[in-house]
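Next comes query_32.cif, a file with mmCIF, C-alpha atoms.
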data_model
#
loop_
_atom_site.group_PDB
_atom_site.id
_atom_site.type_symbol
_atom_site.label_atom_id
_atom_site.label_comp_id
_atom_site.auth_asym_id
_atom_site.auth_seq_id
_atom_site.Cartn_x
_atom_site.Cartn_y
_atom_site.Cartn_z
ATOM 1 C CA MET S 1 7.295 -9.459 4.788
ATOM 2 C CA SER S 2 6.857 -7.185 7.789
ATOM 3 C CA THR S 3 4.281 -7.671 10.520
ATOM 4 C CA ALA S 4 2.663 -4.364 9.508
ATOM 5 C CA SER S 5 2.218 -5.656 5.946
ATOM 6 C CA LEU S 6 0.682 -8.887 7.196
ATOM 7 C CA LEU S 7 -1.734 -7.014 9.440
ATOM 8 C CA GLY S 8 -2.616 -4.476 6.723
ATOM 9 C CA ALA S 9 -3.825 -7.076 4.179
ATOM 10 C CA PRO S 10 -6.651 -8.494 6.353
ATOM 11 C CA ARG S 11 -7.685 -4.947 7.316
ATOM 12 C CA LYS S 12 -7.940 -3.928 3.638
ATOM 13 C CA LEU S 13 -9.931 -7.083 2.816
ATOM 14 C CA PHE S 14 -12.267 -6.442 5.744
ATOM 15 C CA LEU S 15 -12.754 -2.813 4.664
ATOM 16 C CA PHE S 16 -13.425 -3.888 1.072
ATOM 17 C CA LEU S 17 -15.990 -6.485 2.203
ATOM 18 C CA ALA S 18 -17.630 -4.000 4.583
ATOM 19 C CA VAL S 19 -18.082 -1.451 1.785
ATOM 20 C CA LEU S 20 -19.425 -4.145 -0.546
ATOM 21 C CA LEU S 21 -21.907 -5.334 2.106
ATOM 22 C CA THR S 22 -22.981 -1.725 2.686
ATOM 23 C CA LEU S 23 -23.636 -1.348 -1.040
ATOM 24 C CA VAL S 24 -25.875 -4.415 -1.029
ATOM 25 C CA ILE S 25 -27.747 -3.393 2.141
ATOM 26 C CA VAL S 26 -28.267 0.222 1.023
ATOM 27 C CA SER S 27 -29.563 -0.946 -2.340
ATOM 28 C CA GLY S 28 -31.894 -3.575 -0.942
ATOM 29 C CA GLY S 29 -30.014 -6.100 -3.050
ATOM 30 C CA SER S 30 -30.339 -4.388 -6.434
ATOM 31 C CA PHE S 31 -29.284 -1.085 -7.924
ATOM 32 C CA THR S 32 -30.981 0.531 -10.866
ATOM 33 C CA GLU S 33 -29.924 3.509 -12.899
ATOM 34 C CA ALA S 34 -31.901 6.707 -12.967
ATOM 35 C CA GLN S 35 -33.583 5.651 -16.198
ATOM 36 C CA GLY S 36 -34.760 2.464 -14.475
ATOM 37 C CA GLN S 37 -33.981 0.442 -17.596
ATOM 38 C CA ARG S 38 -30.839 -1.433 -16.635
ATOM 39 C CA HIS S 39 -29.193 -2.744 -13.531
ATOM 40 C CA ALA S 40 -25.987 -0.969 -12.670
ATOM 41 C CA SER S 41 -22.864 -3.033 -12.421
ATOM 42 C CA MET S 42 -20.169 -0.464 -11.685
ATOM 43 C CA TYR S 43 -20.561 1.022 -8.201
ATOM 44 C CA VAL S 44 -18.751 4.250 -7.391
ATOM 45 C CA TYR S 45 -18.198 5.483 -3.843
ATOM 46 C CA THR S 46 -15.926 7.467 -1.553
ATOM 47 C CA TYR S 47 -14.981 7.285 2.097
ATOM 48 C CA GLY S 48 -12.268 8.598 4.373
ATOM 49 C CA SER S 49 -10.284 8.049 7.535
ATOM 50 C CA GLY S 50 -7.833 9.829 9.784
ATOM 51 C CA SER S 51 -7.811 13.078 11.678
ATOM 52 C CA LEU S 52 -6.397 16.496 10.990
ATOM 53 C CA SER S 53 -5.011 19.087 13.333
ATOM 54 C CA GLU S 54 -3.940 22.418 11.981
ATOM 55 C CA GLY S 55 -0.378 21.965 10.757
ATOM 56 C CA SER S 56 -0.138 18.250 11.558
ATOM 57 C CA GLY S 57 -1.724 14.932 10.783
ATOM 58 C CA ARG S 58 -3.307 13.844 7.580
ATOM 59 C CA ALA S 59 -6.515 12.199 6.554
ATOM 60 C CA MET S 60 -7.033 9.690 3.765
ATOM 61 C CA LEU S 61 -9.723 10.090 1.106
ATOM 62 C CA TYR S 62 -10.575 6.997 -0.954
ATOM 63 C CA VAL S 63 -12.292 7.223 -4.358
ATOM 64 C CA GLU S 64 -13.230 3.763 -5.565
ATOM 65 C CA ARG S 65 -15.235 1.796 -8.066
ATOM 66 C CA ILE S 66 -16.041 -1.888 -8.180
ATOM 67 C CA ASP S 67 -17.412 -3.833 -11.135
ATOM 68 C CA LEU S 68 -19.772 -6.627 -10.134
ATOM 69 C CA ARG S 69 -20.773 -7.799 -13.628
ATOM 70 C CA SER S 70 -17.811 -6.928 -15.851
ATOM 71 C CA ILE S 71 -19.139 -4.164 -18.099
ATOM 72 C CA GLY S 72 -15.669 -3.237 -19.231
ATOM 73 C CA TYR S 73 -12.780 -1.701 -17.510
ATOM 74 C CA ASP S 74 -12.812 1.830 -18.819
ATOM 75 C CA VAL S 75 -10.244 4.433 -17.903
ATOM 76 C CA LEU S 76 -12.702 7.100 -16.763
ATOM 77 C CA PRO S 77 -12.353 10.515 -15.177
ATOM 78 C CA TYR S 78 -14.145 11.633 -12.054
ATOM 79 C CA LYS S 79 -14.310 14.893 -10.162
ATOM 80 C CA VAL S 80 -13.857 15.594 -6.448
ATOM 81 C CA CYS S 81 -15.121 18.959 -5.211
ATOM 82 C CA PHE S 82 -14.575 20.498 -1.794
ATOM 83 C CA SER S 83 -17.003 22.568 0.241
ATOM 84 C CA GLY S 84 -17.278 23.483 3.903
ATOM 85 C CA SER S 85 -15.547 26.155 5.948
ATOM 86 C CA ALA S 86 -11.989 25.024 5.083
ATOM 87 C CA ILE S 87 -10.557 26.504 1.881
ATOM 88 C CA PRO S 88 -8.324 24.479 -0.467
ATOM 89 C CA GLY S 89 -4.849 25.995 -0.704
ATOM 90 C CA THR S 90 -5.398 28.117 2.397
ATOM 91 C CA ASP S 91 -6.487 25.585 5.025
ATOM 92 C CA PHE S 92 -5.549 22.284 3.355
ATOM 93 C CA TYR S 93 -3.985 20.671 0.311
ATOM 94 C CA VAL S 94 -4.368 17.232 -1.277
ATOM 95 C CA VAL S 95 -1.663 14.817 -2.480
ATOM 96 C CA LYS S 96 -2.395 11.626 -4.432
ATOM 97 C CA LYS S 97 -0.813 8.561 -2.838
ATOM 98 C CA GLY S 98 2.443 7.797 -4.633
ATOM 99 C CA SER S 99 3.017 11.420 -5.627
ATOM 100 C CA SER S 100 4.974 14.134 -3.883
ATOM 101 C CA SER S 101 3.146 17.057 -5.518
ATOM 102 C CA PRO S 102 -0.231 18.424 -4.458
ATOM 103 C CA VAL S 103 -3.083 17.896 -6.899
ATOM 104 C CA SER S 104 -4.149 20.963 -8.834
ATOM 105 C CA ILE S 105 -7.417 22.242 -7.366
ATOM 106 C CA SER S 106 -9.323 24.697 -9.529
ATOM 107 C CA SER S 107 -12.658 26.220 -8.487
ATOM 108 C CA ASN S 108 -12.545 23.958 -5.385
ATOM 109 C CA CYS S 109 -12.386 20.785 -7.549
ATOM 110 C CA PHE S 110 -9.878 18.405 -9.085
ATOM 111 C CA THR S 111 -10.279 15.761 -11.776
ATOM 112 C CA ASP S 112 -8.547 12.382 -11.875
ATOM 113 C CA SER S 113 -9.310 8.997 -13.415
ATOM 114 C CA TRP S 114 -9.504 5.312 -12.604
ATOM 115 C CA SER S 115 -7.292 2.863 -14.440
ATOM 116 C CA SER S 116 -8.656 -0.090 -16.409
ATOM 117 C CA LYS S 117 -9.183 -2.622 -13.596
ATOM 118 C CA TRP S 118 -12.374 -4.298 -12.307
ATOM 119 C CA TYR S 119 -11.649 -2.810 -8.900
ATOM 120 C CA GLN S 120 -9.911 0.521 -8.795
ATOM 121 C CA GLY S 121 -9.275 2.744 -5.839
ATOM 122 C CA ASN S 122 -7.346 5.981 -5.747
ATOM 123 C CA ARG S 123 -6.159 7.351 -2.438
ATOM 124 C CA TYR S 124 -5.464 10.936 -1.513
ATOM 125 C CA TYR S 125 -3.864 12.442 1.574
ATOM 126 C CA ILE S 126 -5.491 15.597 2.888
ATOM 127 C CA HIS S 127 -2.975 17.749 4.779
ATOM 128 C CA ALA S 128 -3.952 20.679 6.997
ATOM 129 C CA ILE S 129 -1.974 23.891 6.566
ATOM 130 C CA SER S 130 -0.863 25.801 9.647
ATOM 131 C CA ASP S 131 -1.501 29.518 9.435
ATOM 132 C CA ASN S 132 -0.341 30.131 13.033
ATOM 133 C CA VAL S 133 -3.697 31.718 13.843
ATOM 134 C CA PRO S 134 -5.953 29.914 16.350
ATOM 135 C CA ASP S 135 -9.089 28.837 14.450
ATOM 136 C CA ALA S 136 -12.270 27.102 15.410
ATOM 137 C CA ASN S 137 -12.679 23.657 13.902
ATOM 138 C CA GLU S 138 -13.013 23.827 10.122
ATOM 139 C CA GLU S 139 -14.932 21.363 7.984
ATOM 140 C CA ILE S 140 -13.930 19.827 4.653
ATOM 141 C CA VAL S 141 -16.609 18.076 2.610
ATOM 142 C CA ALA S 142 -15.242 16.073 -0.331
ATOM 143 C CA THR S 143 -17.920 15.180 -2.905
ATOM 144 C CA LEU S 144 -17.412 12.727 -5.763
ATOM 145 C CA SER S 145 -19.144 13.050 -9.134
ATOM 146 C CA ALA S 146 -18.715 12.270 -12.806
ATOM 147 C CA ASP S 147 -16.714 14.810 -14.759
ATOM 148 C CA SER S 148 -19.360 16.891 -16.551
ATOM 149 C CA GLY S 149 -17.275 16.984 -19.729
ATOM 150 C CA ASN S 150 -16.971 13.177 -19.813
ATOM 151 C CA PRO S 151 -19.984 11.463 -18.176
ATOM 152 C CA TRP S 152 -19.820 7.865 -17.057
ATOM 153 C CA PRO S 153 -21.314 5.295 -19.431
ATOM 154 C CA SER S 154 -24.461 3.319 -18.793
ATOM 155 C CA GLY S 155 -24.066 0.879 -15.924
ATOM 156 C CA TYR S 156 -22.319 3.230 -13.481
ATOM 157 C CA TYR S 157 -24.019 4.011 -10.184
ATOM 158 C CA LEU S 158 -22.808 6.621 -7.702
ATOM 159 C CA VAL S 159 -23.941 5.400 -4.282
ATOM 160 C CA PRO S 160 -25.760 8.416 -2.775
ATOM 161 C CA HIS S 161 -24.879 7.681 0.861
ATOM 162 C CA LEU S 162 -21.223 7.220 -0.100
ATOM 163 C CA SER S 163 -20.812 10.118 -2.535
ATOM 164 C CA SER S 164 -19.329 12.555 -0.028
ATOM 165 C CA PHE S 165 -17.250 12.441 3.111
ATOM 166 C CA ARG S 166 -16.626 14.978 5.870
ATOM 167 C CA PHE S 167 -13.335 15.783 7.559
ATOM 168 C CA THR S 168 -12.653 18.195 10.410
ATOM 169 C CA ILE S 169 -9.494 20.212 10.922
ATOM 170 C CA SER S 170 -9.097 20.746 14.643
ATOM 171 C CA GLY S 171 -8.196 24.345 15.450
ATOM 172 C CA GLY S 172 -4.773 25.178 16.805
#
Exercise: express the given structure as structure tokens:
Amino acid sequence: MSTASLLGAPRKLFLFLAVLLTLVIVSGGSFTEAQGQRHASMYVYTYGSGSLSEGSGRAMLYVERIDLRSIGYDVLPYKVCFSGSAIPGTDFYVVKKGSSSPVSISSNCFTDSWSSKWYQGNRYYIHAISDNVPDANEEIVATLSADSGNPWPSGYYLVPHLSSFRFTISGG
């Protein structure tokens, strides 16, 4: 096992625990659904890392869920939509980790799904496209939501403070 692999495992565990602690702190120790009738047990959130420069670098977008009470490990779709001054396909494109093809973005959104695990995280690389024209910094806002055609079942909670993440493409 390489040194990089050994150092990466503690970092991932720390990041996972930090997000979990944030969920507990933000919620004041308990989450409730909008109906106020049940406690949520599946927490859904997104975050990112990395920096982008026009034509180089890539940022990582994480879309994750964690089940704290085992409500079932459904394969469920979610939607990620982009807003901001950067335009998908013109200023940036997105590739799912493990794939070599960009995801298909339609109307500034793409749909994907989690597999059937108690903890599931999908990772996406956001790549800036060089247009060889000096631009001011451009902003990408990635926002996570349930797919409107297939809503999440009872027990899912999208953490409001962790439902979107901002990236900046530094102008060239």
**Item:** Result set of the PyMOL selection byres ((chain S and resi 78) around 6) on the coordinates above, as a PyMOL selection string
**Value:** chain S and resi 77+79+111-113+145-147
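If only C-alpha atoms are the atoms counted, then among S:Ser51, S:Ser130, S:Thr46, S:Ser104 the closest residue to Thr168 of chain S is S:Ser51.
In this model, the gap between atom CA of Leu158 of chain S and atom CA of Trp114 of chain S comes to 14.2 Å.
Here the PyMOL selection byres ((chain S and resi 107) around 12) matches the residues Lys79, Val80, Cys81, Phe82, Ser83, Ile87, Pro88, Gly89, Ser104, Ile105, Ser106, Asn108, Cys109, Phe110 and Thr111 of chain S.
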**Request:** Extract, using all atoms listed in the file, all DNA, RNA and protein residues at most 7 Å from Tyr43 of chain S, discarding same-chain residues fewer than 2 positions from it, and format them as a PyMOL selection string.
**Result:** chain S and resi 41+45+65-67+156-159
